[in-house]
Amino acid sequence: MPESSYIPWIIKYRPKSLSDYINQEEAKTILLNWLKAWDKGSPAKKAVLLYGPPGVGKTSLVEAISKEMNCEVIETNASDFRRREDIEKRIKPAATKMSLSGKKRLILIDEVDGLSGTADKGGIETMLELTSITKHPIIMTANNPFHPDLKPLRDASLLIELKKLNQRDVVKLLKGICEKEKIFCEDEALKIIHTKNEGDLRASINDLQNLGLSFGKVTASLVNELIYYRDREVNPFDTLRNIFTSKYAWQSKLAVSHSQVDIDTLIEWLSENIPVQLTEPEDMYLAFQALSRADIYRGRMKRTQNYDLLSYISEMVGPAISLSRKKTKFKWIKYEFPKKIRMMSETKKARESLNKAAAKIAKVTHCSRETVKSEYIPMLRALYKVNKTLATQIMEGLKLEEDEIKVIVGKSKESTENTEPSSTGPMKAEESLRKFETSTKKMGTRARKKRSL
Ligand SMILES: Nc1ncnc2c1ncn2[C@@H]1O[C@H](COP(=O)(O)OP(=O)(O)OP(=O)(O)O)[C@@H](O)[C@H]1O
Ligand SMILES: [Mg+2]
């Protein structure tokens with residue numbers, strides 16, 4: 001894969017200028033006018049609070065506008081500077097001193113909603129103070145600016161909303177990326193990506209890259225099969241990326257709790273991808289150690305039905321794995337689908353047929369489906385090898401359907417013969433045959449008795 005493929009497309013295709021930035025005309029105009037007003041002295045409100053749902057284009061708009069106006073951007077993330085001391089040390093000097101280059105300066109403080117909450121005492125007050133003493137325009141971004149804690153900042157700022165782009169715009173943008181990447185795509189597939197991501201452009205571009213690079217094409221059937229709805233939760237590709245890039249424990253905890261997949265599936269994804277992402281042996285060792293501990297706890301939780309253990313498992317698959325990355329530099333990579341999940345989905349049909357057959361035989365023989373799977377089915381399989389007619393007669397007598405018979409005798413395309421842990425050898429099969437004959441005889445006697453009553 002060429003080195004350029006490792007660059008996340010959300011970075012590669014970030015708007016380079018305001019003309020690349022699609023739509024959002026109202027927000028663009030208000031922001032441009034406010035920035036131009038600074039040329040005539042500081043305006044009444046020295047800060048803008050740009051808000052809208054995740055991935056809608058807040059940060060990109062500020063970056064595009066600053067390029068257009070040739071401004072120097074001092075960019076910080078409020079999640080990294082949440083305490084009074086941090087803001088005073090890192091952001092205040094940039095906001096209150098003139099730029100050495102003489103260029104216009106713009107202070108971008110991303111994700112100020114991270115400042116709300118009791119743990120960040122002092123952060124909001126310091127930001128508020130900054131909005132009155134700043135010598136440069138301050139633009140803050142937030143997903144949800146309506147948290148009660150943010151009221152003072154809201155009052156001190158000019159509020160600008162970014163709305164989700166419509167389907168036509170998103171499809172056009174995604175199509176443009178596919179053309180540049182020389183990846184075949186179906187319009188229908190792009191429409192479904194837009195719908196599934198509910199207007200989150202970052203998520204849509206990420207999904208496009210995941211499919212485009214994994215399969216070399218983006219078709220409606222692939223999107224339907226592999227991209228999850230993002231109404232509440234995040235797909236496993238992004239969950240993994242969020243876990244591996246988290247700097248703080250709380251970030252990776254969020255990544256786990258927002259994950260679309262359950263803990264069992266997430267463990268499979270991590271187990272497949274830890275060695276792909278964490279290439280430094282020490283990091284890989286630490287991450288696998290955390291994962292194996294999570295797996296032990298998962299086993300205990302299932303055995304004891306003590307679901308309190310779940311919170312420890314989340315800690316181990318989230319923060320413990322994030323913090324294992326000490327030496328490996330983060331690199332955008334194509335994550336692999338877990339082999340086990342792939343195999344399970346390939347054999348899904350066969351397993352369903354096998355379960356249906358087991359249920360029918362269990363009813364007749366009065367034993368559990370598990371016993372049928374571990375004893376009677378291997379016996380029928382063995383019998384079929386030595387006496388096809390008898391085995392077929394028995395299976396037809398049991399009213400098994402064609403797909404069920406096929407999977408038992410191992411003729412199904414996705415036979416479970418090699419994947420079922422309970423497959424037994426011929427010795428056990430003979431023993432099972434005897435048991436089977438006895439129980440079917442008993443059944444026959446019982447049925448005859450019933451008829452004769
Ligand atoms: N109007 C647009 N035109 C072109 N590309 C856009 C537009 N809006 C967003 N994008 C693309 O979507 C991606 C996500 O945008 P961005 O990072 O600016 O979102 P955000 O609103 O800041 O998200 P968050 O709230 O999570 O920080 C960008 O990489 C950019 O490529
Ligand atoms: Mg942003």
# chains A, B, ... in the order shown; residues from 1 in each chain; ligands from 1
call {"tool": "closest_atom_pairs", "arguments": {"of": "chain A", "to": "ligand 2", "cutoff": "9 Å", "atoms": "only C-alpha atoms and all ligand atoms", "output": "Markdown table"}}
result
| residue | atom | partner | partner_atom_place_in_ligand_line | distance |
| --- | --- | --- | --- | --- |
| A:Pro54 | CA | ligand 2 | 1 (Mg) | 7.2 |
| A:Gly55 | CA | ligand 2 | 1 (Mg) | 6.7 |
| A:Val56 | CA | ligand 2 | 1 (Mg) | 8.2 |
| A:Gly57 | CA | ligand 2 | 1 (Mg) | 6.8 |
| A:Lys58 | CA | ligand 2 | 1 (Mg) | 5.4 |
| A:Thr59 | CA | ligand 2 | 1 (Mg) | 4.2 |
| A:Ser60 | CA | ligand 2 | 1 (Mg) | 7.2 |
| A:Asn77 | CA | ligand 2 | 1 (Mg) | 8.9 |
| A:Asp110 | CA | ligand 2 | 1 (Mg) | 6.1 |
| A:Glu111 | CA | ligand 2 | 1 (Mg) | 6.9 |
| A:Thr141 | CA | ligand 2 | 1 (Mg) | 7.0 |
| A:Ala142 | CA | ligand 2 | 1 (Mg) | 8.0 |
| A:Asn143 | CA | ligand 2 | 1 (Mg) | 8.8 |
call {"tool": "write_last_selection", "arguments": {"atoms": "N, CA and C atoms", "output": "compact mmCIF listing (two decimals), in the first residue's frame"}}
result
# COMPACT_ATOMS: atom_id res chain seq x y z
N PRO A 54 -21.03 16.70 16.14
CA PRO A 54 -19.67 16.25 15.81
C PRO A 54 -19.49 16.02 14.31
N GLY A 55 -18.32 16.38 13.82
CA GLY A 55 -17.97 16.10 12.43
C GLY A 55 -18.69 16.95 11.41
N VAL A 56 -19.32 18.05 11.85
CA VAL A 56 -20.12 18.85 10.92
C VAL A 56 -19.26 19.87 10.17
N GLY A 57 -18.05 20.11 10.67
CA GLY A 57 -17.13 21.01 9.94
C GLY A 57 -16.73 22.27 10.69
N LYS A 58 -16.80 22.25 12.02
CA LYS A 58 -16.47 23.46 12.81
C LYS A 58 -14.98 23.80 12.68
N THR A 59 -14.15 22.83 13.01
CA THR A 59 -12.71 23.10 12.98
C THR A 59 -12.27 23.42 11.55
N SER A 60 -12.81 22.67 10.59
CA SER A 60 -12.40 22.91 9.19
C SER A 60 -12.77 24.32 8.74
N ASN A 77 -6.91 22.56 22.20
CA ASN A 77 -8.11 21.79 22.48
C ASN A 77 -8.42 21.94 23.96
N ASP A 110 -10.83 24.53 20.64
CA ASP A 110 -11.77 23.49 20.24
C ASP A 110 -12.38 22.82 21.46
N GLU A 111 -13.60 22.37 21.28
CA GLU A 111 -14.29 21.52 22.27
C GLU A 111 -14.39 22.14 23.66
N THR A 141 -15.16 26.22 19.82
CA THR A 141 -16.12 25.31 19.20
C THR A 141 -16.71 24.40 20.27
N ALA A 142 -17.93 23.96 20.02
CA ALA A 142 -18.59 23.06 20.96
C ALA A 142 -19.64 22.25 20.23
N ASN A 143 -19.84 21.03 20.71
CA ASN A 143 -20.95 20.22 20.18
C ASN A 143 -22.25 20.67 20.82
call {"tool": "select_by_dssp", "arguments": {"residues": "stretch 172-233 of chain A", "states": "helix (DSSP H, G or I)", "output": "PyMOL selection string"}}
result
chain A and resi 172-181+187-197+201-215+220-226
call {"tool": "residues_near_ligand", "arguments": {"ligand": "ligand 1", "cutoff": "9 Å", "atoms": "only C-alpha atoms and all ligand atoms", "output": "number ranges by chain"}}
result
A: 8-15, 18-24, 50-63, 110-111, 141-143, 162, 164-165, 169-170, 173, 200-206
call {"tool": "closest_residue", "arguments": {"among": "A:Ser314, A:Asn355, A:Ser221, A:Thr195", "to": "A:Ala249", "atoms": "only C-alpha atoms"}}
result
A:Ser314
call {"tool": "select_by_dssp", "arguments": {"residues": "stretch 62-241 of chain A", "states": "strand (DSSP E or B)", "output": "VMD selection string"}}
result
chain A and resid 72 to 77 105 to 110 138 to 142 157 to 161 184 to 185 217 to 218 234
call {"tool": "write_last_selection", "arguments": {"atoms": "N, CA and C atoms", "output": "short mmCIF file (atom, residue, chain, number, x, y, z; two decimals), in the first residue's frame"}}
result
data_model
loop_
_atom_site.label_atom_id
_atom_site.label_comp_id
_atom_site.auth_asym_id
_atom_site.auth_seq_id
_atom_site.Cartn_x
_atom_site.Cartn_y
_atom_site.Cartn_z
N GLU A 72 -2.60 33.77 11.29
CA GLU A 72 -1.86 32.76 12.02
C GLU A 72 -2.85 32.16 13.03
N VAL A 73 -2.96 30.83 13.06
CA VAL A 73 -3.93 30.23 13.99
C VAL A 73 -3.21 29.58 15.16
N ILE A 74 -3.61 29.96 16.35
CA ILE A 74 -3.10 29.27 17.55
C ILE A 74 -4.21 28.33 17.97
N GLU A 75 -3.96 27.05 17.77
CA GLU A 75 -5.03 26.08 17.95
C GLU A 75 -4.82 25.25 19.20
N THR A 76 -5.82 25.20 20.05
CA THR A 76 -5.71 24.35 21.24
C THR A 76 -7.02 23.60 21.43
N ASN A 77 -6.91 22.56 22.20
CA ASN A 77 -8.11 21.79 22.48
C ASN A 77 -8.42 21.94 23.96
N ARG A 105 -3.68 37.28 14.08
CA ARG A 105 -3.69 36.02 14.82
C ARG A 105 -5.11 35.65 15.20
N LEU A 106 -5.35 34.37 15.21
CA LEU A 106 -6.69 33.89 15.56
C LEU A 106 -6.51 32.76 16.58
N ILE A 107 -7.24 32.84 17.67
CA ILE A 107 -7.10 31.80 18.70
C ILE A 107 -8.28 30.84 18.55
N LEU A 108 -7.95 29.58 18.29
CA LEU A 108 -9.02 28.57 18.15
C LEU A 108 -8.99 27.65 19.37
N ILE A 109 -10.08 27.64 20.10
CA ILE A 109 -10.15 26.73 21.26
C ILE A 109 -11.25 25.73 21.00
N ASP A 110 -10.83 24.53 20.64
CA ASP A 110 -11.77 23.49 20.24
C ASP A 110 -12.38 22.82 21.46
N ILE A 138 -11.08 35.29 19.31
CA ILE A 138 -11.10 33.94 19.87
C ILE A 138 -12.29 33.20 19.27
N ILE A 139 -12.03 32.04 18.71
CA ILE A 139 -13.15 31.21 18.24
C ILE A 139 -13.16 29.92 19.06
N MET A 140 -14.29 29.69 19.72
CA MET A 140 -14.41 28.45 20.49
C MET A 140 -15.37 27.54 19.73
N THR A 141 -15.16 26.22 19.82
CA THR A 141 -16.12 25.31 19.20
C THR A 141 -16.71 24.40 20.27
N ALA A 142 -17.93 23.96 20.02
CA ALA A 142 -18.59 23.06 20.96
C ALA A 142 -19.64 22.25 20.23
N SER A 157 -20.25 35.52 24.10
CA SER A 157 -19.79 35.21 22.73
C SER A 157 -20.89 35.41 21.70
N LEU A 158 -20.42 35.53 20.45
CA LEU A 158 -21.35 35.55 19.33
C LEU A 158 -21.59 34.10 18.94
N LEU A 159 -22.85 33.66 19.00
CA LEU A 159 -23.13 32.25 18.72
C LEU A 159 -23.36 32.02 17.22
N ILE A 160 -22.64 31.07 16.65
CA ILE A 160 -22.85 30.74 15.23
C ILE A 160 -23.08 29.23 15.12
N GLU A 161 -24.19 28.89 14.47
CA GLU A 161 -24.51 27.46 14.37
C GLU A 161 -24.11 26.88 13.01
N PHE A 184 -13.69 2.87 -7.23
CA PHE A 184 -15.04 2.78 -7.78
C PHE A 184 -16.07 2.95 -6.65
N CYS A 185 -17.11 3.77 -6.91
CA CYS A 185 -18.14 3.88 -5.88
C CYS A 185 -19.51 3.99 -6.55
N LYS A 217 -13.35 -0.80 -3.50
CA LYS A 217 -14.58 -0.28 -4.10
C LYS A 217 -15.57 0.01 -2.98
N VAL A 218 -16.55 0.87 -3.29
CA VAL A 218 -17.56 1.20 -2.28
C VAL A 218 -18.93 0.94 -2.90
N VAL A 234 -20.43 4.20 17.89
CA VAL A 234 -19.32 4.33 16.95
C VAL A 234 -18.93 2.95 16.43
#
call {"tool": "atom_distance", "arguments": {"atom1": "atom CA of A:Lys182", "atom2": "atom CA of A:Glu68"}}
result
29.0 Å
call {"tool": "residues_around", "arguments": {"residues": "A:Thr96", "least_positions_apart": "4", "cutoff": "8 Å", "atoms": "only C-alpha atoms", "output": "PyMOL selection string"}}
result
chain A and resi 92+133-136
call {"tool": "write_last_selection", "arguments": {"atoms": "N, CA and C atoms", "output": "CSV table (one decimal), in the first residue's frame"}}
result
chain,number,residue,atom,x,y,z
A,92,LYS,N,-3.4,32.1,27.5
A,92,LYS,CA,-3.4,33.5,27.8
A,92,LYS,C,-2.3,34.3,27.1
A,133,ILE,N,-10.2,40.2,27.8
A,133,ILE,CA,-8.9,40.9,27.7
A,133,ILE,C,-8.1,40.6,26.4
A,134,THR,N,-8.7,39.7,25.6
A,134,THR,CA,-7.9,39.2,24.4
A,134,THR,C,-7.6,40.4,23.4
A,135,LYS,N,-6.5,40.2,22.8
A,135,LYS,CA,-6.2,41.2,21.7
A,135,LYS,C,-6.5,40.6,20.3
A,136,HIS,N,-6.8,39.3,20.3
A,136,HIS,CA,-7.0,38.6,19.1
A,136,HIS,C,-8.4,38.0,19.1
call {"tool": "atom_distance", "arguments": {"atom1": "atom CA of A:Ile87", "atom2": "atom CA of A:Ala320"}}
result
28.1 Å
call {"tool": "closest_residue", "arguments": {"among": "A:Ala391, A:Val407, A:Val112, A:Ile333", "to": "A:Ala350", "atoms": "only C-alpha atoms"}}
result
A:Val407
call {"tool": "closest_residue", "arguments": {"among": "A:Ala358, A:Leu35, A:Ala220, A:Leu211", "to": "A:Pro137", "atoms": "only C-alpha atoms"}}
result
A:Leu35
call {"tool": "residues_around", "arguments": {"residues": "A:Trp269", "least_positions_apart": "2", "cutoff": "10 Å", "atoms": "only C-alpha atoms", "output": "ChimeraX atom specification"}}
result
/A:236-237,239-240,261,263-267,271-274,335-341
